[in-house]
$ cat target_27.txt   # compact mmCIF, C-alpha atoms
# COMPACT_ATOMS: atom_id res chain seq x y z
CA MET D 1 125.73 62.35 26.53
CA ASN D 2 121.98 62.55 25.94
CA LYS D 3 119.46 60.60 27.97
CA ASP D 4 119.24 57.54 25.69
CA GLU D 5 123.00 57.20 25.38
CA LEU D 6 123.31 57.57 29.14
CA LYS D 7 120.74 54.84 29.71
CA ILE D 8 122.55 52.41 27.41
CA ARG D 9 125.88 53.16 29.05
CA LEU D 10 124.49 52.68 32.55
CA ALA D 11 122.77 49.43 31.55
CA GLU D 12 126.15 48.15 30.32
CA LEU D 13 127.75 49.01 33.65
CA LEU D 14 125.11 47.27 35.76
CA PRO D 15 123.33 44.54 33.78
CA GLY D 16 119.78 43.86 34.86
CA VAL D 17 119.34 47.21 36.58
CA THR D 18 115.94 48.96 36.48
CA PHE D 19 115.15 52.47 35.33
CA GLU D 20 112.29 54.67 36.47
CA ASP D 21 110.46 56.68 33.84
CA GLY D 22 108.46 59.87 33.96
CA ALA D 23 110.95 62.02 35.84
CA GLU D 24 112.93 65.00 34.62
CA TRP D 25 116.23 63.16 34.99
CA THR D 26 117.37 59.66 34.17
CA THR D 27 116.57 57.62 37.26
CA ILE D 28 118.23 54.33 38.07
CA VAL D 29 117.35 51.93 40.90
CA ILE D 30 120.26 49.89 42.21
CA ASP D 31 120.96 47.25 44.81
CA PRO D 32 122.73 48.94 47.76
CA ALA D 33 125.31 46.13 47.84
CA CYS D 34 126.83 47.23 44.52
CA TRP D 35 126.72 50.95 45.28
CA GLU D 36 130.42 51.51 45.98
CA GLY D 37 131.76 50.07 42.71
CA PHE D 38 128.99 51.73 40.73
CA ALA D 39 129.63 55.08 42.39
CA ARG D 40 133.34 54.92 41.54
CA GLU D 41 132.48 54.11 37.95
CA LEU D 42 130.02 57.03 37.78
CA CYS D 43 132.62 59.40 39.18
CA GLY D 44 135.61 58.28 37.17
CA GLY D 45 134.19 56.37 34.16
CA LYS D 46 135.23 57.69 30.76
CA GLY D 47 132.41 59.74 29.25
CA LEU D 48 130.40 59.67 32.49
CA GLU D 49 132.47 61.76 34.92
CA PHE D 50 129.73 62.64 37.38
CA ASP D 51 131.90 64.96 39.44
CA TYR D 52 129.21 66.84 41.36
CA LEU D 53 126.89 65.24 43.91
CA PHE D 54 124.32 67.98 44.41
CA CYS D 55 121.68 66.30 46.55
CA VAL D 56 121.46 63.38 48.97
CA THR D 57 118.05 62.49 50.34
CA ALA D 58 116.50 59.74 52.41
CA VAL D 59 112.80 58.97 51.97
CA ASP D 60 110.75 57.03 54.50
CA TRP D 61 108.16 54.90 52.68
CA LYS D 62 107.09 53.24 55.99
CA THR D 63 107.88 49.73 54.65
CA HIS D 64 111.38 50.68 53.52
CA PHE D 65 113.76 53.60 53.07
CA VAL D 66 115.04 54.92 49.76
CA MET D 67 118.35 56.76 49.51
CA GLU D 68 118.48 59.14 46.57
CA TYR D 69 121.64 60.59 45.08
CA HIS D 70 121.46 63.36 42.49
CA LEU D 71 124.61 63.50 40.40
CA THR D 72 125.63 65.81 37.61
CA SER D 73 128.68 66.27 35.46
CA THR D 74 130.15 69.72 35.10
CA ILE D 75 132.04 68.46 32.02
CA HIS D 76 129.27 66.73 30.06
CA ARG D 77 126.25 68.50 31.60
CA HIS D 78 124.26 65.31 32.12
CA THR D 79 122.43 64.35 35.29
CA VAL D 80 121.44 61.06 36.86
CA VAL D 81 119.42 60.11 39.93
CA VAL D 82 120.46 56.94 41.74
CA LYS D 83 118.01 55.30 44.14
CA ALA D 84 118.75 52.49 46.56
CA LYS D 85 116.13 50.65 48.59
CA LEU D 86 117.07 50.04 52.23
CA ASP D 87 115.64 47.85 54.95
CA HIS D 88 113.31 49.70 57.37
CA GLU D 89 114.52 47.89 60.49
CA ARG D 90 118.19 48.68 59.94
CA PRO D 91 118.90 51.03 57.02
CA VAL D 92 122.58 50.62 56.12
CA ILE D 93 124.49 51.75 53.03
CA ARG D 94 128.12 52.29 52.11
CA THR D 95 129.26 55.92 52.40
CA VAL D 96 130.34 57.83 49.30
CA SER D 97 132.05 60.62 51.25
CA ASP D 98 135.44 59.36 50.01
CA ILE D 99 134.26 59.68 46.39
CA TRP D 100 132.32 62.94 46.65
CA ARG D 101 133.54 64.91 49.64
CA THR D 102 130.27 66.85 49.88
CA ALA D 103 128.51 63.63 50.89
CA GLU D 104 130.12 63.86 54.31
CA PHE D 105 127.70 66.52 55.49
CA HIS D 106 124.75 65.28 53.44
CA GLU D 107 125.09 61.83 54.94
CA ARG D 108 125.43 63.24 58.42
CA GLU D 109 122.14 65.04 57.88
CA ALA D 110 120.44 61.85 56.65
CA TYR D 111 121.84 60.02 59.67
CA ASP D 112 120.74 62.77 62.06
CA LEU D 113 117.15 63.08 60.88
CA MET D 114 116.38 59.67 59.35
CA GLY D 115 118.77 57.31 61.11
CA VAL D 116 120.38 55.88 58.00
CA GLU D 117 123.73 54.31 58.86
CA PHE D 118 126.60 55.01 56.46
CA VAL D 119 129.30 52.38 56.68
CA GLY D 120 132.78 53.88 56.47
CA HIS D 121 131.71 57.48 57.14
CA PRO D 122 134.58 59.32 58.90
CA ASP D 123 132.45 61.36 61.35
CA LEU D 124 128.94 59.97 61.70
CA ARG D 125 127.33 61.95 64.53
CA ARG D 126 124.47 64.40 65.13
CA LEU D 127 124.45 67.48 62.92
CA PHE D 128 121.33 69.56 63.66
CA MET D 129 119.95 67.81 66.73
CA THR D 130 121.67 67.96 70.09
CA ASP D 131 124.18 65.21 70.88
CA GLU D 132 121.96 63.65 73.53
CA TRP D 133 118.86 63.57 71.31
CA LYS D 134 117.08 60.21 71.09
CA GLY D 135 115.35 59.06 67.91
CA TRP D 136 115.16 60.14 64.28
CA PRO D 137 112.76 63.10 63.94
CA LEU D 138 111.90 62.90 60.23
CA ARG D 139 110.84 59.25 60.29
CA LYS D 140 107.12 58.72 59.73
CA ASP D 141 106.74 56.71 62.92
CA TYR D 142 108.63 59.26 65.07
CA ASP D 143 106.84 60.26 68.24
CA ASP D 144 107.84 62.90 70.78
CA PRO D 145 105.19 63.43 73.47
CA VAL D 146 107.25 66.19 75.16
CA ASN D 147 107.83 68.55 72.25
CA MET D 148 105.13 67.56 69.80
CA ILE D 149 101.48 68.62 69.94
CA LYS D 150 99.42 66.25 67.84
CA LEU D 151 96.62 67.56 65.65
CA MET C 1 96.48 97.81 78.14
CA ASP C 2 94.11 98.91 75.42
CA VAL C 3 95.60 99.92 72.12
CA SER C 4 94.30 103.25 70.91
CA GLN C 5 93.66 103.67 67.23
CA GLN C 6 95.16 107.12 67.25
CA ASN C 7 98.18 108.41 69.03
CA THR C 8 96.62 110.47 71.77
CA GLY C 9 99.79 111.08 73.75
CA LYS C 10 100.86 114.62 74.40
CA PRO C 11 104.01 115.64 72.52
CA PHE C 12 105.72 116.52 75.77
CA PRO C 13 104.56 115.77 79.32
CA GLY C 14 104.49 119.11 81.07
CA GLU C 15 103.34 122.68 80.95
CA VAL C 16 105.29 125.80 80.22
CA HIS C 17 104.34 128.81 82.33
CA PRO C 18 105.51 131.89 80.47
CA THR C 19 107.41 134.43 82.48
CA ALA C 20 109.25 137.53 81.48
CA GLY C 21 112.28 136.56 79.40
CA GLY C 22 111.40 132.85 79.03
CA GLY C 23 109.27 130.41 80.94
CA ILE C 24 109.11 127.82 83.70
CA LEU C 25 108.53 124.18 82.85
CA VAL C 26 106.36 122.29 85.28
CA THR C 27 106.46 118.53 84.90
CA LYS C 28 107.24 115.27 86.66
CA LEU C 29 110.70 113.78 86.36
CA ASP C 30 109.37 110.25 85.88
CA GLU C 31 107.25 111.38 82.97
CA VAL C 32 110.15 113.17 81.35
CA ILE C 33 112.29 110.05 81.72
CA ASN C 34 109.54 107.91 80.20
CA TRP C 35 109.13 110.42 77.38
CA ALA C 36 112.85 110.33 76.65
CA ARG C 37 113.03 106.54 76.81
CA SER C 38 110.05 106.02 74.56
CA ASN C 39 111.49 108.20 71.82
CA SER C 40 114.91 106.60 71.61
CA LEU C 41 114.29 102.87 71.67
CA TRP C 42 117.30 101.12 70.18
CA PRO C 43 116.38 97.76 68.72
CA LEU C 44 118.68 94.75 68.71
CA VAL C 45 119.69 93.27 65.36
CA PHE C 46 117.90 89.95 65.77
CA GLY C 47 115.98 88.01 63.15
CA THR C 48 115.54 84.26 62.84
CA SER C 49 113.41 83.89 59.72
CA CYS C 50 111.14 85.59 57.19
CA CYS C 51 109.75 88.15 59.68
CA ALA C 52 113.26 89.59 59.70
CA ILE C 53 112.82 90.53 56.03
CA GLU C 54 109.71 92.54 56.92
CA MET C 55 111.58 94.05 59.86
CA MET C 56 114.39 95.14 57.52
CA SER C 57 111.77 96.60 55.20
CA THR C 58 110.33 98.52 58.15
CA ALA C 59 113.77 99.91 58.85
CA ALA C 60 114.46 100.82 55.23
CA ALA C 61 113.59 104.02 53.38
CA LYS C 62 109.95 103.35 52.48
CA TYR C 63 108.60 102.67 55.98
CA ASP C 64 111.53 104.22 57.83
CA TRP C 65 111.08 103.47 61.52
CA SER C 66 113.63 106.15 62.36
CA ARG C 67 110.68 108.57 62.11
CA PHE C 68 109.70 107.21 65.52
CA GLY C 69 113.15 106.96 67.06
CA PHE C 70 114.17 103.38 66.23
CA GLU C 71 116.94 103.99 63.75
CA VAL C 72 119.88 103.02 65.95
CA ALA C 73 119.73 99.24 65.53
CA ARG C 74 122.53 97.78 67.63
CA ALA C 75 124.49 94.64 66.89
CA THR C 76 125.15 94.04 70.58
CA PRO C 77 122.51 93.42 73.25
CA ARG C 78 124.45 95.56 75.72
CA GLN C 79 123.47 98.71 73.83
CA ALA C 80 119.91 97.71 72.90
CA ASP C 81 116.64 98.65 74.61
CA VAL C 82 114.17 96.52 72.69
CA ILE C 83 114.45 93.09 71.10
CA ILE C 84 112.09 92.36 68.23
CA ILE C 85 111.74 88.60 68.01
CA ALA C 86 111.41 88.43 64.23
CA GLY C 87 110.95 84.78 63.44
CA THR C 88 110.65 81.21 64.65
CA ILE C 89 112.37 80.29 67.90
CA VAL C 90 113.54 76.68 67.84
CA ASN C 91 114.62 74.70 70.89
CA LYS C 92 118.28 75.19 70.02
CA MET C 93 117.82 78.96 69.64
CA ALA C 94 115.90 79.40 72.93
CA PRO C 95 118.97 79.48 75.22
CA VAL C 96 120.64 81.96 72.85
CA LEU C 97 117.59 84.23 72.97
CA LYS C 98 117.51 84.00 76.76
CA ARG C 99 121.17 84.90 76.93
CA LEU C 100 120.76 87.89 74.61
CA TYR C 101 117.84 89.12 76.68
CA ASP C 102 119.81 88.73 79.91
CA GLN C 103 122.68 90.74 78.44
CA MET C 104 120.45 93.71 77.60
CA ALA C 105 120.63 96.59 80.02
CA ASP C 106 117.53 97.61 82.00
CA PRO C 107 114.98 98.86 81.20
CA LYS C 108 114.38 96.43 78.36
CA TYR C 109 111.40 95.63 76.20
CA VAL C 110 110.36 92.73 73.99
CA ILE C 111 108.18 92.64 70.89
CA ALA C 112 107.03 89.24 69.61
CA MET C 113 106.67 89.73 65.87
CA GLY C 114 104.44 87.37 63.92
CA ALA C 115 102.75 84.04 64.51
CA CYS C 116 105.89 82.01 65.26
CA ALA C 117 107.15 84.29 68.01
CA THR C 118 103.65 84.63 69.45
CA SER C 119 102.59 80.97 69.58
CA GLY C 120 104.69 78.82 67.29
CA GLY C 121 102.27 79.71 64.50
CA PRO C 122 102.37 77.26 61.59
CA PHE C 123 104.76 75.10 63.63
CA PHE C 124 102.40 74.65 66.58
CA TYR C 125 101.33 71.11 65.68
CA ASN C 126 103.44 68.09 64.75
CA THR C 127 106.82 69.74 65.19
CA TYR C 128 109.64 68.46 67.37
CA SER C 129 111.88 71.52 67.19
CA VAL C 130 109.90 74.75 67.68
CA VAL C 131 109.21 76.66 70.90
CA LYS C 132 105.46 77.33 71.05
CA GLY C 133 105.75 81.05 71.68
CA ALA C 134 108.78 83.12 72.66
CA ASP C 135 107.05 84.02 75.95
CA HIS C 136 108.03 80.56 77.17
CA VAL C 137 111.58 81.90 77.20
CA ILE C 138 111.42 85.64 77.92
CA PRO C 139 108.59 88.04 78.92
CA VAL C 140 106.90 89.80 76.00
CA ASP C 141 105.48 93.35 76.04
CA VAL C 142 103.79 93.59 72.64
CA TYR C 143 102.54 90.85 70.33
CA VAL C 144 102.05 91.39 66.60
CA ALA C 145 99.75 89.19 64.53
CA GLY C 146 100.61 88.18 60.99
CA CYS C 147 102.68 85.70 59.04
CA PRO C 148 104.70 87.77 58.48
CA PRO C 149 103.13 91.05 59.69
CA ARG C 150 103.18 93.95 57.30
CA PRO C 151 105.62 96.78 58.09
CA GLU C 152 102.66 98.93 59.13
CA ALA C 153 101.75 96.30 61.74
CA LEU C 154 105.27 96.32 63.14
CA LEU C 155 105.25 100.13 63.23
CA HIS C 156 101.95 99.96 65.10
CA ALA C 157 103.53 97.58 67.58
CA LEU C 158 106.48 99.90 68.08
CA ILE C 159 104.18 102.89 68.63
CA THR C 160 102.11 100.79 71.03
CA LEU C 161 105.27 100.04 72.98
CA GLN C 162 106.04 103.77 73.07
CA GLU C 163 102.57 104.46 74.46
CA LYS C 164 103.06 101.75 77.06
CA ILE C 165 106.29 103.37 78.20
CA LYS C 166 104.78 106.87 78.18
CA ASN C 167 101.92 105.59 80.32
CA GLY C 168 104.43 104.39 82.89
CA VAL C 169 104.27 100.64 82.27
CA PRO C 170 107.61 99.64 83.72
CA GLY C 171 110.30 97.68 81.97
CA LYS C 172 111.42 94.53 83.69
CA ILE C 173 114.30 94.75 86.11
CA ARG C 174 116.01 91.64 87.30
CA LEU C 175 116.89 91.60 90.97
CA GLY C 176 118.65 88.40 91.89
CA ASP C 177 116.66 85.58 90.38
CA GLN C 178 113.30 87.24 90.85
CA GLU C 179 111.59 89.03 88.03
CA GLN C 180 110.39 92.31 89.51
CA THR C 181 108.79 95.39 88.10
CA GLY C 182 110.73 98.61 87.89
CA ARG C 183 110.06 102.02 89.34
CA ALA C 184 106.90 102.83 91.24
CA GLU C 185 104.12 104.50 89.32
CA SER C 186 104.47 108.25 89.31

$ encode --input "target_27.txt" --output "structure tokens"
Amino acid sequence: MNKDELKIRLAELLPGVTFEDGAEWTTIVIDPACWEGFARELCGGKGLEFDYLFCVTAVDWKTHFVMEYHLTSTIHRHTVVVKAKLDHERPVIRTVSDIWRTAEFHEREAYDLMGVEFVGHPDLRRLFMTDEWKGWPLRKDYDDPVNMIKL
Amino acid sequence: MDVSQQNTGKPFPGEVHPTAGGGILVTKLDEVINWARSNSLWPLVFGTSCCAIEMMSTAAAKYDWSRFGFEVARATPRQADVIIIAGTIVNKMAPVLKRLYDQMADPKYVIAMGACATSGGPFFYNTYSVVKGADHVIPVDVYVAGCPPRPEALLHALITLQEKIKNGVPGKIRLGDQEQTGRAES
């Protein structure tokens, strides 16, 4: 499926959804509430079959968080980027580790460093930081007077 | 200790007095021991980031640190004499480094290779995870500047360490919990 066909197909799946232009890949911005159904459709939908989740990222924009999921299909060789805007006070989103198994570790990393909570994740605990660590080190407002020397 | 630009050390510490049918060697035992130690320093296989690539290059054919007696890199600290801290030490790695150092047999030596191992380097400011210099964890004998240092710089550090040993700068010996210096100066 080329980019235009992909866009039309995705717009049919989620009416009223917005696309972002200017990036290498087709980028779609969704409401986190409809993420689970949409993710299942992306994974299993006929002609879509995004079977490979190759990147999960959380971005701190200070006023809100954005979760980004990079998906590709090893069958059709098309790629899509899904973005979901999350609340800054309590960033929560449904896990996709049951759809793409690789998300289990990616989501643990996002939880560990950014503090994004993944509802339904089977093993949501610290990955890189020690178990007793307090705070989310990659957040913009993170402060650590013991370990950090400020410039 | 000042670092000399040229290796001024004698090839062997001692004098041979020729006699009929051979000769008598006059020397000091301490100096012979130091000479032997300095020429067979076995490094530990230890590298935590990009400095390790330069260290491997130093060990490989082109720079070939075995010319100076370093070729026997050991994969266990129990057989190593010198640990080259090649890379960033993060807070989670610090206890591992300490443990490796403690497992090395005396006398033991430490080279801090590159900016990260010396001071934290590019990770000095605004980082939550990096130890600001490996000397917060274990005592360091020789520091090497660079990010990463060239193989020549590491070779210079290794030769500097050899000169230190030949000049009788003692390796650290742990007695109980106190860090004490080794043998008395000869």

$ interface_residues --input "target_27.txt" --of "chain D" --to "chain C" --cutoff "9 Å" --atoms "only C-alpha atoms" --output "NGL selection string"
:D and (129-130 or 137 or 143-144 or 146-151)

$ write_last_selection --input "target_27.txt" --atoms "C-alpha atoms" --output "PDB file, in the coordinates of the input"
ATOM      1  CA  MET D 129     119.950  67.810  66.730  1.00  0.00           C
ATOM      2  CA  THR D 130     121.670  67.960  70.090  1.00  0.00           C
ATOM      3  CA  PRO D 137     112.760  63.100  63.940  1.00  0.00           C
ATOM      4  CA  ASP D 143     106.840  60.260  68.240  1.00  0.00           C
ATOM      5  CA  ASP D 144     107.840  62.900  70.780  1.00  0.00           C
ATOM      6  CA  VAL D 146     107.250  66.190  75.160  1.00  0.00           C
ATOM      7  CA  ASN D 147     107.830  68.550  72.250  1.00  0.00           C
ATOM      8  CA  MET D 148     105.130  67.560  69.800  1.00  0.00           C
ATOM      9  CA  ILE D 149     101.480  68.620  69.940  1.00  0.00           C
ATOM     10  CA  LYS D 150      99.420  66.250  67.840  1.00  0.00           C
ATOM     11  CA  LEU D 151      96.620  67.560  65.650  1.00  0.00           C
TER      12      LEU D 151
END

$ closest_residue --input "target_27.txt" --among "D:Leu113, D:Leu6, D:Trp133, D:Trp35" --to "Asp60 in chain D" --atoms "all atoms listed in the file"
D:Leu113

$ residues_around --input "target_27.txt" --residues "range 101-105 of chain D" --least-positions-apart "3" --cutoff "12 Å" --atoms "all atoms listed in the file" --output "PyMOL selection string"
chain D and resi 43+51-57+68-71+94-98+108-112+118-128

$ closest_atom_pairs --input "target_27.txt" --of "range 45-150 of chain D" --to "range 20-28 of chain D" --cutoff "7 Å" --atoms "only C-alpha atoms" --output "JSON lines"
{"residue": "D:Thr79", "atom": "CA", "partner": "D:Trp25", "partner_atom": "CA", "distance": 6.3}
{"residue": "D:Val80", "atom": "CA", "partner": "D:Thr26", "partner_atom": "CA", "distance": 5.1}
{"residue": "D:Val81", "atom": "CA", "partner": "D:Thr27", "partner_atom": "CA", "distance": 4.6}
{"residue": "D:Val82", "atom": "CA", "partner": "D:Ile28", "partner_atom": "CA", "distance": 5.0}
{"residue": "D:Lys83", "atom": "CA", "partner": "D:Ile28", "partner_atom": "CA", "distance": 6.2}

$ atom_distance --input "target_27.txt" --atom1 "CA of Met67 in chain D" --atom2 "CA of Glu49 in chain D"
20.9 Å

$ atom_distance --input "target_27.txt" --atom1 "CA of Phe12 in chain C" --atom2 "CA of Ser66 in chain C"
18.7 Å

$ atom_distance --input "target_27.txt" --atom1 "CA of Ile138 in chain C" --atom2 "CA of Thr58 in chain C"
23.6 Å

$ residues_near_point --input "target_27.txt" --point "(111.3, 110.9, 82.0)" --cutoff "12 Å" --atoms "all atoms listed in the file" --output "ChimeraX atom specification"
/C:12-14,27-40,165-168,170,183,186

$ closest_residue --input "target_27.txt" --among "D:Ile93, D:Met114, D:Val17, D:Ile30" --to "Lys140 in chain D" --atoms "all atoms listed in the file"
D:Met114

$ closest_residue --input "target_27.txt" --among "C:Lys108, C:Thr118, C:Gln162, C:Arg150" --to "Gly69 in chain C" --atoms "all atoms listed in the file"
C:Gln162

$ residues_around --input "target_27.txt" --residues "Gly16 in chain D" --least-positions-apart "2" --cutoff "12 Å" --atoms "all atoms listed in the file" --output "PDB file with C-alpha atoms, keeping the file's coordinate frame"
ATOM      1  CA  ILE D   8     122.550  52.410  27.410  1.00  0.00           C
ATOM      2  CA  LEU D  10     124.490  52.680  32.550  1.00  0.00           C
ATOM      3  CA  ALA D  11     122.770  49.430  31.550  1.00  0.00           C
ATOM      4  CA  GLU D  12     126.150  48.150  30.320  1.00  0.00           C
ATOM      5  CA  LEU D  13     127.750  49.010  33.650  1.00  0.00           C
ATOM      6  CA  LEU D  14     125.110  47.270  35.760  1.00  0.00           C
ATOM      7  CA  THR D  18     115.940  48.960  36.480  1.00  0.00           C
ATOM      8  CA  PHE D  19     115.150  52.470  35.330  1.00  0.00           C
ATOM      9  CA  ILE D  28     118.230  54.330  38.070  1.00  0.00           C
ATOM     10  CA  VAL D  29     117.350  51.930  40.900  1.00  0.00           C
ATOM     11  CA  ILE D  30     120.260  49.890  42.210  1.00  0.00           C
ATOM     12  CA  ASP D  31     120.960  47.250  44.810  1.00  0.00           C
TER      13      ASP D  31
END

$ residues_around --input "target_27.txt" --residues "Gly115 in chain D" --least-positions-apart "5" --cutoff "9 Å" --atoms "all atoms listed in the file" --output "ChimeraX atom specification"
/D:90-91,110,135-139

$ write_last_selection --input "target_27.txt" --atoms "C-alpha atoms" --output "mmCIF file, in the coordinates of the input"
data_model
loop_
_atom_site.group_PDB
_atom_site.id
_atom_site.type_symbol
_atom_site.label_atom_id
_atom_site.label_comp_id
_atom_site.auth_asym_id
_atom_site.auth_seq_id
_atom_site.Cartn_x
_atom_site.Cartn_y
_atom_site.Cartn_z
ATOM 1 C CA ARG D 90 118.190 48.680 59.940
ATOM 2 C CA PRO D 91 118.900 51.030 57.020
ATOM 3 C CA ALA D 110 120.440 61.850 56.650
ATOM 4 C CA GLY D 135 115.350 59.060 67.910
ATOM 5 C CA TRP D 136 115.160 60.140 64.280
ATOM 6 C CA PRO D 137 112.760 63.100 63.940
ATOM 7 C CA LEU D 138 111.900 62.900 60.230
ATOM 8 C CA ARG D 139 110.840 59.250 60.290
#

$ closest_residue --input "target_27.txt" --among "C:Ile84, C:Val137, C:Ile159, C:Ala60" --to "Lys98 in chain C" --atoms "all atoms listed in the file"
C:Val137
